[in-house]
Each structure stands twice: as C-alpha cells, then as structure tokens.
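Pasted below: input-v5.pdb, PDB, C-alpha atoms.
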ATOM      1  CA  MET E 185      29.202   1.512 -53.375
ATOM      2  CA  ALA E 186      27.093   3.383 -55.899
ATOM      3  CA  ALA E 187      24.506   5.604 -54.314
ATOM      4  CA  PRO E 188      20.999   4.774 -55.492
ATOM      5  CA  SER E 189      19.877   8.377 -55.524
ATOM      6  CA  ALA E 190      21.482  11.499 -56.893
ATOM      7  CA  PRO E 191      24.569  12.217 -54.801
ATOM      8  CA  THR E 192      24.381  15.116 -52.427
ATOM      9  CA  ALA E 193      27.465  17.139 -51.618
ATOM     10  CA  SER E 194      29.151  14.104 -50.105
ATOM     11  CA  ALA E 195      32.518  14.922 -48.616
ATOM     12  CA  THR E 196      35.748  13.181 -49.496
ATOM     13  CA  PRO E 197      37.381  11.329 -46.593
ATOM     14  CA  ILE E 198      40.102  13.205 -44.707
ATOM     15  CA  ARG E 199      43.297  11.282 -44.016
ATOM     16  CA  VAL E 200      43.696  10.892 -40.245
ATOM     17  CA  PRO E 201      47.106   9.432 -39.267
ATOM     18  CA  VAL E 202      47.321   7.285 -36.140
ATOM     19  CA  ALA E 203      49.381  10.070 -34.534
ATOM     20  CA  ALA E 204      46.295  12.283 -34.545
ATOM     21  CA  TRP E 205      44.840  10.106 -31.809
ATOM     22  CA  LEU E 206      47.788  11.154 -29.650
ATOM     23  CA  ILE E 207      46.328  14.664 -29.780
ATOM     24  CA  VAL E 208      43.025  13.219 -28.587
ATOM     25  CA  ALA E 209      44.738  11.313 -25.768
ATOM     26  CA  PHE E 210      46.717  14.375 -24.733
ATOM     27  CA  ALA E 211      43.641  16.618 -24.782
ATOM     28  CA  LEU E 212      41.636  14.162 -22.688
ATOM     29  CA  LEU E 213      44.538  13.856 -20.240
ATOM     30  CA  ALA E 214      44.645  17.653 -19.946
ATOM     31  CA  VAL E 215      40.911  17.766 -19.176
ATOM     32  CA  PHE E 216      41.406  15.037 -16.584
ATOM     33  CA  VAL E 217      44.244  16.917 -14.886
ATOM     34  CA  LEU E 218      42.257  20.172 -14.962
ATOM     35  CA  LEU E 219      39.026  18.750 -13.606
ATOM     36  CA  GLN E 220      39.387  15.331 -12.049
ATOM     37  CA  LEU E 221      42.623  14.962 -10.074
ATOM     38  CA  ASN E 222      41.723  14.737  -6.426
ATOM     39  CA  SER E 223      44.335  13.615  -3.994
ATOM     40  CA  THR E 224      48.033  14.367  -4.612
ATOM     41  CA  ALA E 225      49.844  17.430  -3.317
ATOM     42  CA  PHE E 226      50.381  18.786  -6.846
ATOM     43  CA  ALA E 227      46.729  18.123  -7.596
ATOM     44  CA  GLU E 228      45.735  20.151  -4.540
ATOM     45  CA  GLN E 229      47.018  23.324  -6.221
ATOM     46  CA  ILE E 230      45.227  22.643  -9.532
ATOM     47  CA  HIS E 231      42.117  21.467  -7.714
ATOM     48  CA  GLU E 232      41.854  24.675  -5.716
ATOM     49  CA  PHE E 233      42.656  26.908  -8.709
ATOM     50  CA  THR E 234      40.046  25.313 -11.004
ATOM     51  CA  HIS E 235      37.649  24.602  -8.132
ATOM     52  CA  ASP E 236      34.853  26.918  -9.327
ATOM     53  CA  GLY E 237      35.271  25.536 -12.839
ATOM     54  CA  ARG E 238      34.835  21.964 -11.644
ATOM     55  CA  HIS E 239      31.574  22.780  -9.922
ATOM     56  CA  ALA E 240      30.343  24.930 -12.794
ATOM     57  CA  LEU E 241      31.058  22.226 -15.385
ATOM     58  CA  GLY E 242      29.216  19.634 -13.304
ATOM     59  CA  VAL E 243      32.229  17.521 -12.325
ATOM     60  CA  PRO E 244      31.944  15.610  -9.016
ATOM     61  CA  CYS E 245      33.608  17.523  -6.203
ATOM     62  CA  HIS E 246      33.190  17.997  -2.472
TER      63      HIS E 246
ATOM     64  CA  MET J 187      38.124  24.728 -49.884
ATOM     65  CA  ALA J 188      39.229  22.144 -52.417
ATOM     66  CA  SER J 189      40.171  19.343 -50.079
ATOM     67  CA  LEU J 190      40.207  19.679 -46.344
ATOM     68  CA  THR J 191      43.253  18.436 -44.435
ATOM     69  CA  LEU J 192      43.436  17.313 -40.820
ATOM     70  CA  GLY J 193      45.548  20.340 -39.933
ATOM     71  CA  ALA J 194      43.010  22.724 -41.444
ATOM     72  CA  VAL J 195      40.212  21.019 -39.502
ATOM     73  CA  LEU J 196      42.125  21.127 -36.218
ATOM     74  CA  ARG J 197      43.037  24.822 -36.589
ATOM     75  CA  ARG J 198      39.375  25.681 -37.095
ATOM     76  CA  ALA J 199      38.304  23.425 -34.239
ATOM     77  CA  ALA J 200      40.829  24.996 -31.849
ATOM     78  CA  LEU J 201      39.742  28.527 -32.791
ATOM     79  CA  ALA J 202      36.063  27.636 -32.376
ATOM     80  CA  GLY J 203      36.981  25.995 -29.050
ATOM     81  CA  LEU J 204      38.601  29.231 -27.914
ATOM     82  CA  PHE J 205      35.448  31.209 -28.784
ATOM     83  CA  ALA J 206      33.374  28.595 -26.964
ATOM     84  CA  GLY J 207      35.663  28.759 -23.946
ATOM     85  CA  VAL J 208      35.425  32.543 -23.723
ATOM     86  CA  ALA J 209      31.624  32.377 -23.995
ATOM     87  CA  ALA J 210      31.438  29.645 -21.337
ATOM     88  CA  ALA J 211      33.760  31.614 -19.044
ATOM     89  CA  LEU J 212      31.477  34.640 -19.435
ATOM     90  CA  ILE J 213      28.428  32.565 -18.462
ATOM     91  CA  ALA J 214      30.441  31.144 -15.547
ATOM     92  CA  PHE J 215      31.180  34.656 -14.310
ATOM     93  CA  LEU J 216      27.702  36.115 -14.870
ATOM     94  CA  VAL J 217      25.392  33.171 -14.126
ATOM     95  CA  VAL J 218      27.195  30.465 -12.152
ATOM     96  CA  GLU J 219      29.373  32.513  -9.782
ATOM     97  CA  PRO J 220      26.477  34.257  -7.949
ATOM     98  CA  ARG J 221      25.082  30.826  -7.036
ATOM     99  CA  ILE J 222      28.528  29.591  -5.922
ATOM    100  CA  ASP J 223      28.731  32.637  -3.646
ATOM    101  CA  ASP J 224      25.353  31.719  -2.115
ATOM    102  CA  ALA J 225      26.576  28.172  -1.490
ATOM    103  CA  LEU J 226      29.888  29.336  -0.009
ATOM    104  CA  ALA J 227      28.005  31.567   2.444
ATOM    105  CA  ILE J 228      26.103  28.500   3.678
ATOM    106  CA  GLU J 229      29.325  26.495   3.859
ATOM    107  CA  ALA J 230      31.021  29.287   5.845
ATOM    108  CA  ALA J 231      28.102  29.457   8.288
ATOM    109  CA  ARG J 232      28.486  25.795   9.210
ATOM    110  CA  SER J 233      32.295  25.790   9.307
ATOM    111  CA  THR J 234      34.109  25.777  12.627
ATOM    112  CA  SER J 235      37.680  25.567  11.323
ATOM    113  CA  ASP J 236      39.914  28.587  10.752
ATOM    114  CA  GLU J 237      41.807  26.857   7.957
ATOM    115  CA  GLU J 238      43.275  29.382   5.540
ATOM    116  CA  PRO J 239      42.201  28.639   1.935
ATOM    117  CA  LEU J 240      44.961  28.058  -0.622
ATOM    118  CA  PHE J 241      43.629  30.723  -2.986
ATOM    119  CA  GLY J 242      41.450  33.788  -2.501
ATOM    120  CA  ARG J 243      38.018  34.004  -4.063
ATOM    121  CA  THR J 244      39.156  36.322  -6.874
ATOM    122  CA  THR J 245      41.808  33.805  -7.918
ATOM    123  CA  GLN J 246      39.288  30.966  -7.818
ATOM    124  CA  VAL J 247      36.739  32.859  -9.923
ATOM    125  CA  PHE J 248      39.494  33.589 -12.432
ATOM    126  CA  GLY J 249      40.695  29.961 -12.209
ATOM    127  CA  GLY J 250      37.194  28.706 -12.949
ATOM    128  CA  MET J 251      37.023  30.842 -16.067
ATOM    129  CA  VAL J 252      40.498  29.721 -17.204
ATOM    130  CA  ALA J 253      39.454  26.107 -16.622
ATOM    131  CA  ALA J 254      36.311  26.545 -18.740
ATOM    132  CA  ALA J 255      38.331  28.044 -21.596
ATOM    133  CA  ALA J 256      41.077  25.398 -21.426
ATOM    134  CA  VAL J 257      38.579  22.538 -21.249
ATOM    135  CA  ALA J 258      36.713  23.984 -24.245
ATOM    136  CA  VAL J 259      39.876  24.074 -26.378
ATOM    137  CA  CYS J 260      40.826  20.511 -25.358
ATOM    138  CA  LEU J 261      37.342  19.164 -26.125
ATOM    139  CA  ALA J 262      37.405  21.052 -29.422
ATOM    140  CA  LEU J 263      40.618  19.253 -30.451
ATOM    141  CA  VAL J 264      39.044  15.892 -29.600
ATOM    142  CA  VAL J 265      35.932  16.704 -31.638
ATOM    143  CA  GLY J 266      38.170  18.024 -34.426
ATOM    144  CA  VAL J 267      39.962  14.689 -34.846
ATOM    145  CA  VAL J 268      36.675  12.769 -34.629
ATOM    146  CA  PHE J 269      35.154  15.146 -37.194
ATOM    147  CA  ALA J 270      38.015  14.521 -39.627
ATOM    148  CA  ARG J 271      37.603  10.789 -39.166
ATOM    149  CA  VAL J 272      33.825  10.559 -39.656
ATOM    150  CA  ARG J 273      33.099  13.645 -41.801
ATOM    151  CA  HIS J 274      32.305  11.749 -45.004
ATOM    152  CA  ARG J 275      29.874   9.514 -43.124
ATOM    153  CA  LEU J 276      27.945  12.179 -41.217
ATOM    154  CA  PRO J 277      24.394  12.620 -42.534
ATOM    155  CA  ALA J 278      24.499  16.282 -43.584
ATOM    156  CA  THR J 279      25.160  17.972 -46.902
ATOM    157  CA  THR J 280      27.409  20.805 -45.699
ATOM    158  CA  ASP J 281      30.336  21.007 -43.299
ATOM    159  CA  PHE J 282      28.281  23.432 -41.233
ATOM    160  CA  GLY J 283      25.595  20.770 -40.837
ATOM    161  CA  ARG J 284      28.149  18.086 -40.038
ATOM    162  CA  ALA J 285      29.910  20.241 -37.427
ATOM    163  CA  ALA J 286      26.607  21.237 -35.807
ATOM    164  CA  LEU J 287      25.458  17.608 -35.685
ATOM    165  CA  LEU J 288      28.723  16.413 -34.142
ATOM    166  CA  ALA J 289      28.664  19.203 -31.535
ATOM    167  CA  PHE J 290      25.070  18.304 -30.666
ATOM    168  CA  LEU J 291      26.060  14.658 -30.210
ATOM    169  CA  GLY J 292      29.026  15.769 -28.094
ATOM    170  CA  PHE J 293      26.821  17.908 -25.843
ATOM    171  CA  THR J 294      24.309  15.093 -25.397
ATOM    172  CA  THR J 295      26.969  12.478 -24.674
ATOM    173  CA  VAL J 296      29.429  14.223 -22.364
ATOM    174  CA  ALA J 297      27.328  17.040 -20.866
ATOM    175  CA  LEU J 298      23.559  16.484 -20.902
ATOM    176  CA  LEU J 299      23.482  12.778 -20.050
ATOM    177  CA  PRO J 300      25.851  12.970 -17.038
ATOM    178  CA  ALA J 301      23.986  16.121 -15.912
ATOM    179  CA  LEU J 302      20.714  14.159 -15.874
ATOM    180  CA  LYS J 303      22.136  11.250 -13.869
ATOM    181  CA  TYR J 304      24.539  13.150 -11.616
ATOM    182  CA  PRO J 305      23.339  16.776 -11.578
ATOM    183  CA  ALA J 306      25.925  19.453 -10.797
ATOM    184  CA  ASN J 307      26.181  20.525  -7.168
ATOM    185  CA  PRO J 308      27.493  23.782  -5.714
ATOM    186  CA  PRO J 309      30.267  23.716  -3.081
ATOM    187  CA  GLY J 310      29.129  22.418   0.297
ATOM    188  CA  VAL J 311      27.019  19.542  -1.036
ATOM    189  CA  GLY J 312      29.396  16.731  -2.004
ATOM    190  CA  ASP J 313      30.865  14.445   0.660
ATOM    191  CA  PRO J 314      34.712  14.473   0.422
ATOM    192  CA  ASP J 315      34.786  10.791   1.405
ATOM    193  CA  THR J 316      32.781   9.713  -1.652
ATOM    194  CA  VAL J 317      34.463  11.904  -4.287
ATOM    195  CA  THR J 318      36.449   9.018  -5.818
ATOM    196  CA  GLU J 319      33.362   6.810  -6.047
ATOM    197  CA  ARG J 320      31.365   9.663  -7.622
ATOM    198  CA  THR J 321      34.171  10.437 -10.066
ATOM    199  CA  VAL J 322      34.256   6.801 -11.214
ATOM    200  CA  GLN J 323      30.459   6.776 -11.658
ATOM    201  CA  TYR J 324      30.599  10.007 -13.647
ATOM    202  CA  LEU J 325      33.490   9.004 -15.929
ATOM    203  CA  THR J 326      32.212   5.483 -16.635
ATOM    204  CA  LEU J 327      28.784   6.918 -17.501
ATOM    205  CA  ILE J 328      30.401   9.309 -20.010
ATOM    206  CA  ALA J 329      32.430   6.446 -21.522
ATOM    207  CA  ALA J 330      29.308   4.275 -21.825
ATOM    208  CA  ALA J 331      27.326   7.172 -23.314
ATOM    209  CA  ALA J 332      30.078   7.666 -25.900
ATOM    210  CA  ALA J 333      29.834   3.953 -26.742
ATOM    211  CA  VAL J 334      26.045   4.261 -27.221
ATOM    212  CA  THR J 335      26.460   7.318 -29.459
ATOM    213  CA  TRP J 336      29.064   5.430 -31.485
ATOM    214  CA  LEU J 337      26.752   2.395 -31.759
ATOM    215  CA  ALA J 338      23.848   4.558 -32.972
ATOM    216  CA  PHE J 339      26.170   6.137 -35.541
ATOM    217  CA  LEU J 340      27.357   2.702 -36.724
ATOM    218  CA  VAL J 341      23.808   1.376 -37.059
ATOM    219  CA  HIS J 342      22.819   4.475 -39.024
ATOM    220  CA  ASP J 343      25.898   4.094 -41.209
ATOM    221  CA  ARG J 344      25.314   0.389 -41.931
ATOM    222  CA  LEU J 345      21.731   1.075 -42.962
ATOM    223  CA  SER J 346      23.031   3.206 -45.830
ATOM    224  CA  ALA J 347      23.513  -0.080 -47.706
ATOM    225  CA  ARG J 348      19.707  -0.378 -47.857
ATOM    226  CA  PRO J 349      17.582   1.628 -50.236
ATOM    227  CA  TRP J 350      15.782   3.392 -47.380
ATOM    228  CA  PRO J 351      14.845   7.052 -47.296
ATOM    229  CA  PRO J 352      17.329   8.995 -45.098
ATOM    230  CA  ALA J 353      14.524   9.817 -42.651
ATOM    231  CA  TYR J 354      14.000   6.109 -41.879
ATOM    232  CA  ARG J 355      17.703   5.638 -41.158
ATOM    233  CA  ALA J 356      17.745   8.747 -38.990
ATOM    234  CA  ALA J 357      14.741   7.512 -37.022
ATOM    235  CA  VAL J 358      16.384   4.141 -36.365
ATOM    236  CA  GLY J 359      19.637   5.827 -35.325
ATOM    237  CA  VAL J 360      17.835   8.147 -32.892
ATOM    238  CA  ALA J 361      15.816   5.219 -31.502
ATOM    239  CA  VAL J 362      19.000   3.206 -30.844
ATOM    240  CA  ALA J 363      20.534   6.195 -29.058
ATOM    241  CA  ALA J 364      17.389   6.916 -27.017
ATOM    242  CA  VAL J 365      16.996   3.303 -25.857
ATOM    243  CA  GLY J 366      20.714   3.058 -25.078
ATOM    244  CA  TYR J 367      20.831   6.318 -23.099
ATOM    245  CA  THR J 368      17.694   5.352 -21.155
ATOM    246  CA  ALA J 369      19.213   1.967 -20.294
ATOM    247  CA  LEU J 370      22.359   3.718 -19.030
ATOM    248  CA  LEU J 371      20.393   6.181 -16.897
ATOM    249  CA  MET J 372      18.432   3.301 -15.380
ATOM    250  CA  THR J 373      21.347   0.939 -14.704
ATOM    251  CA  TRP J 374      24.105   3.281 -13.484
ATOM    252  CA  PRO J 375      24.235   3.489  -9.656
ATOM    253  CA  ALA J 376      22.779   6.506  -7.871
ATOM    254  CA  SER J 377      25.174   8.978  -6.257
ATOM    255  CA  PRO J 378      26.007   7.862  -2.694
ATOM    256  CA  ASP J 379      25.557  11.419  -1.392
ATOM    257  CA  SER J 380      22.455  13.002   0.031
ATOM    258  CA  VAL J 381      22.029  16.778  -0.042
ATOM    259  CA  PRO J 382      22.656  18.421   3.363
ATOM    260  CA  ALA J 383      19.507  19.871   4.982
ATOM    261  CA  ASP J 384      20.869  23.431   5.076
ATOM    262  CA  ILE J 385      21.103  23.677   1.254
ATOM    263  CA  PRO J 386      17.843  25.212  -0.072
ATOM    264  CA  ALA J 387      16.203  23.319  -2.945
ATOM    265  CA  ALA J 388      15.925  26.552  -4.913
ATOM    266  CA  LEU J 389      19.698  27.124  -4.718
ATOM    267  CA  LEU J 390      20.339  23.573  -5.919
ATOM    268  CA  TRP J 391      17.926  23.986  -8.847
ATOM    269  CA  ASP J 392      19.315  27.385  -9.823
ATOM    270  CA  PHE J 393      22.887  26.128  -9.647
ATOM    271  CA  ARG J 394      22.123  23.073 -11.766
ATOM    272  CA  LEU J 395      20.395  25.166 -14.424
ATOM    273  CA  ALA J 396      23.305  27.636 -14.390
ATOM    274  CA  SER J 397      25.816  24.793 -14.792
ATOM    275  CA  LEU J 398      23.833  23.347 -17.689
ATOM    276  CA  ALA J 399      23.654  26.834 -19.243
ATOM    277  CA  GLU J 400      27.450  27.042 -19.164
ATOM    278  CA  LEU J 401      27.831  23.596 -20.762
ATOM    279  CA  ALA J 402      25.161  24.343 -23.393
ATOM    280  CA  THR J 403      26.854  27.658 -24.188
ATOM    281  CA  LEU J 404      30.201  25.940 -24.591
ATOM    282  CA  TRP J 405      28.887  23.312 -27.019
ATOM    283  CA  THR J 406      26.561  25.638 -28.937
ATOM    284  CA  VAL J 407      29.212  28.285 -29.572
ATOM    285  CA  PHE J 408      31.693  25.562 -30.497
ATOM    286  CA  GLY J 409      29.339  23.832 -32.934
ATOM    287  CA  LEU J 410      28.254  27.020 -34.665
ATOM    288  CA  GLY J 411      31.769  28.504 -34.694
ATOM    289  CA  PHE J 412      33.379  25.309 -36.012
ATOM    290  CA  GLY J 413      30.695  25.020 -38.700
ATOM    291  CA  LEU J 414      31.043  28.640 -39.769
ATOM    292  CA  LEU J 415      34.850  28.404 -39.920
ATOM    293  CA  LEU J 416      34.527  25.304 -42.124
ATOM    294  CA  THR J 417      32.129  27.059 -44.480
ATOM    295  CA  PRO J 418      33.952  28.191 -47.638
ATOM    296  CA  ARG J 419      33.846  31.921 -48.259
ATOM    297  CA  PRO J 420      31.823  32.894 -51.315
ATOM    298  CA  VAL J 421      34.088  33.668 -54.250
ATOM    299  CA  PRO J 422      33.410  37.196 -55.572
ATOM    300  CA  ALA J 423      31.987  37.199 -59.114
ATOM    301  CA  ALA J 424      34.904  39.338 -60.316
ATOM    302  CA  ALA J 425      37.413  36.694 -59.246
ATOM    303  CA  VAL J 426      35.568  33.962 -61.136
ATOM    304  CA  ALA J 427      35.438  35.955 -64.392
TER     305      ALA J 427
END
Any chance you could put this one into structure tokens?
Amino acid sequence: MAAPSAPTASATPIRVPVAAWLIVAFALLAVFVLLQLNSTAFAEQIHEFTHDGRHALGVPCH
Amino acid sequence: MASLTLGAVLRRAALAGLFAGVAAALIAFLVVEPRIDDALAIEAARSTSDEEPLFGRTTQVFGGMVAAAAVAVCLALVVGVVFARVRHRLPATTDFGRAALLAFLGFTTVALLPALKYPANPPGVGDPDTVTERTVQYLTLIAAAAAVTWLAFLVHDRLSARPWPPAYRAAVGVAVAAVGYTALLMTWPASPDSVPADIPAALLWDFRLASLAELATLWTVFGLGFGLLLTPRPVPAAAVA
C-alpha cells in the first residue's frame, strides 16, 4: 500500500521463522517453572529457592 | 545496521534483559527485602511449629535475586521475538522508539494490570489453600490483558488504511486498550483471600509499592537498554570520506 504522506523511517520486516516461537514457548515455560510451580516435590525446592522472588515480582504465593 | 536479523534482535534483547535483571535484583535486595523481613517477623511471631525451613534466609535472598534476573532474561527473549515480528508495524520512527513502546506495553500488560487487580503480598498473607485458585486468576488475567493489547494494536494497525493523522489512530488504539483493560479489571473475580489482622496496612502498602518498583525497574531498564542496543552507532566522518 502506498503511504499517503512522506514515508518516515519505516522499518523493513524481519523474517521470523516458526521455530522462533519455540524460543518464546521455552522462555514462558522457564518463567512458569521459576515462579508458578506449587505442589510437586521437585517444585518444592525451586519454590523455596525463588520464594522471595515470587513475592517480590507479585506472583500469588502463600 | 543495514538489515536487522532475528538473531541480532534476540542477542540485543537478551543482553538488555540481563541488565534489566541485574537492576531488578538490586531493587529486590535494597527495597523489597527489608519489607519481606518485616513480614517474616510477623509470620514467626504467630508460628507454633518448629519446622526447619528448606533454605536459610541468605539463600532465599540470593534465590530471589537470581529469579528476578532469570525471569528478566526470559521475558526479554519473548519480547525480542515479538519485536522482530511487529517491528515494521510499530508506530515509531526509530528502533529506540519501537523498543521503548513495546517495553511499555509489556509492563502495562504483564506487570501493572495484574498488580492493580491482585496486588503483591508479602509472606504471611496468602492462604496456602487458595494458591491454585489465585494462580489461575492471575495467569488468566495476564493472558486476557495480552489479548486486549493485541486487539488495540490490530485496530491501530488496520486504521493505517485510512488517511487519518497518526494522532487520531493513536487515540483510538489507546481508547480500545483502556476500555478493554477496565472491563477486565471489573469482570475478573476478586482474590478469595482476606488480609490477616496482624499485618499492618502500612507494611502491605510499602511492600506493594516496593514490588511495583522492582517490576517497573525491570521493564524500564529493559526497554531503554534494548532500544539503545538497537540504535546504530554513528559512523565517524573519517570513515565515510
């Protein structure tokens, strides 16, 4: 589409392969494990280690 | 930078995320931890059990700082991919402006909005029996807020087909976001918990402000750092000639 006004410094699109969304999924999973896991034995260790961080970042906790 | 690749964007995002994480960890140590100590003293006063904690306080303070840094890097990678995807459609003329705008939207969506509906609480406030329910409330609110932000962005983007001044489009986009966020805050269920009587209101207020300060630090340092790292270095005159 032709821009009606003088073009500003419009950026060219960056190619984002579908695989890049795996990075997003992995990063979100990591945040979930760090901050949200609540009830398994393995989670107990992470929960207690990052406990102050959970509270400080505003994540629900007890 | 002639043409930016995804890898180049993600490297800069990760580095900015690391800076943001270190800054947030510093705020956690200096501002949030004193309030956590106050809350733990209250919790200890009411406790009757002699249960040995899994980790000592020093480890937990350190763990909290590590968590802040790790979360910052992870969020930075997420924003990095989103930035690469929407960069050419973000309403700013420089990459610094685009990065700052995206970081601001990120802060509003995943930090400020949940903090308004479900404010942070220090240890000793939340009921262990309702933690799953509260986690679901919190995560679904963030997901819905992300959907509203995305909708506002789409509306703004579609309006570019009309010969409107950019300010009109921006105003409509902000209005869509504001109405959507307000609707979410009004419809999402209240937290099932009530604050125990032995927690002073001042402690709660101070802790919530401290928590928000850590989140704001994280997103501000990330947005500015990411934008600065994306800004091309000026080419010296000698190199041009």
As a check of understanding, name the residues that the PyMOL selection byres ((chain J) within 8 of (chain E)) selects in the supplied structure, as a PyMOL selection string.
chain J and resi 189-192+214+218-219+222+240-241+245-247+249-254+256-257+260-261+263-264+267+270-274+279-280+301+305-314+317-318+320-321+324+349+396-398+400-401
Just say which residues the PyMOL selection byres ((chain J and resi 369-380) around 10) picks in this file, as a VMD selection string.
(chain E and resid 244) or (chain J and resid 299 to 300 302 to 305 311 to 317 319 to 321 323 to 324 326 to 328 330 to 331 334 363 to 368 381 to 383)
Atom-to-atom span, CA of Phe269 (chain J) and CA of Leu288 (chain J), Å:
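Separation between CA of Phe269 (chain J) and CA of Leu288 (chain J): 7.2 Å.
Using only C-alpha atoms, the protein and nucleic acid residues lying at most 10 Å from the point (26.1, 24.7, -26.5) are Ala206, Ala209, Ala210, Ala286, Ala289, Phe290, Gly292, Phe293, Thr294, Ala297, Leu398, Ala399, Glu400, Leu401, Ala402, Thr403, Leu404, Trp405, Thr406, Val407, Phe408, Gly409 and Leu410 of chain J.
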Store the residues picked out above, limited to C-alpha atoms, as a PDB file, in the frame of the given file.
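After the write, part12.pdb holds the following:
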ATOM      1  CA  ALA J 206      33.374  28.595 -26.964  1.00  0.00           C
ATOM      2  CA  ALA J 209      31.624  32.377 -23.995  1.00  0.00           C
ATOM      3  CA  ALA J 210      31.438  29.645 -21.337  1.00  0.00           C
ATOM      4  CA  ALA J 286      26.607  21.237 -35.807  1.00  0.00           C
ATOM      5  CA  ALA J 289      28.664  19.203 -31.535  1.00  0.00           C
ATOM      6  CA  PHE J 290      25.070  18.304 -30.666  1.00  0.00           C
ATOM      7  CA  GLY J 292      29.026  15.769 -28.094  1.00  0.00           C
ATOM      8  CA  PHE J 293      26.821  17.908 -25.843  1.00  0.00           C
ATOM      9  CA  THR J 294      24.309  15.093 -25.397  1.00  0.00           C
ATOM     10  CA  ALA J 297      27.328  17.040 -20.866  1.00  0.00           C
ATOM     11  CA  LEU J 398      23.833  23.347 -17.689  1.00  0.00           C
ATOM     12  CA  ALA J 399      23.654  26.834 -19.243  1.00  0.00           C
ATOM     13  CA  GLU J 400      27.450  27.042 -19.164  1.00  0.00           C
ATOM     14  CA  LEU J 401      27.831  23.596 -20.762  1.00  0.00           C
ATOM     15  CA  ALA J 402      25.161  24.343 -23.393  1.00  0.00           C
ATOM     16  CA  THR J 403      26.854  27.658 -24.188  1.00  0.00           C
ATOM     17  CA  LEU J 404      30.201  25.940 -24.591  1.00  0.00           C
ATOM     18  CA  TRP J 405      28.887  23.312 -27.019  1.00  0.00           C
ATOM     19  CA  THR J 406      26.561  25.638 -28.937  1.00  0.00           C
ATOM     20  CA  VAL J 407      29.212  28.285 -29.572  1.00  0.00           C
ATOM     21  CA  PHE J 408      31.693  25.562 -30.497  1.00  0.00           C
ATOM     22  CA  GLY J 409      29.339  23.832 -32.934  1.00  0.00           C
ATOM     23  CA  LEU J 410      28.254  27.020 -34.665  1.00  0.00           C
TER      24      LEU J 410
END
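From CA of Thr417 (chain J) back to CA of Leu345 (chain J), the distance works out to 28.0 Å.
A straight line drawn from CA of Val217 (chain J) to CA of Leu395 (chain J) is 9.4 Å long.
When the distance limit is 6 Å and all atoms listed in the file are what count, the residues near Gly413 (chain J), minus those fewer than 2 positions from it on the same chain, are Phe282, Ala285, Leu410, Gly411, Leu415 and Leu416 of chain J.
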Starting from the point (23.9, 33.6, -1.3), work out which residues of protein, DNA or RNA have an atom no more than 12 Å away when counting only C-alpha atoms; state them as a PyMOL selection string.
chain J and resi 218-231+308-309+385-386+388-390+392-393
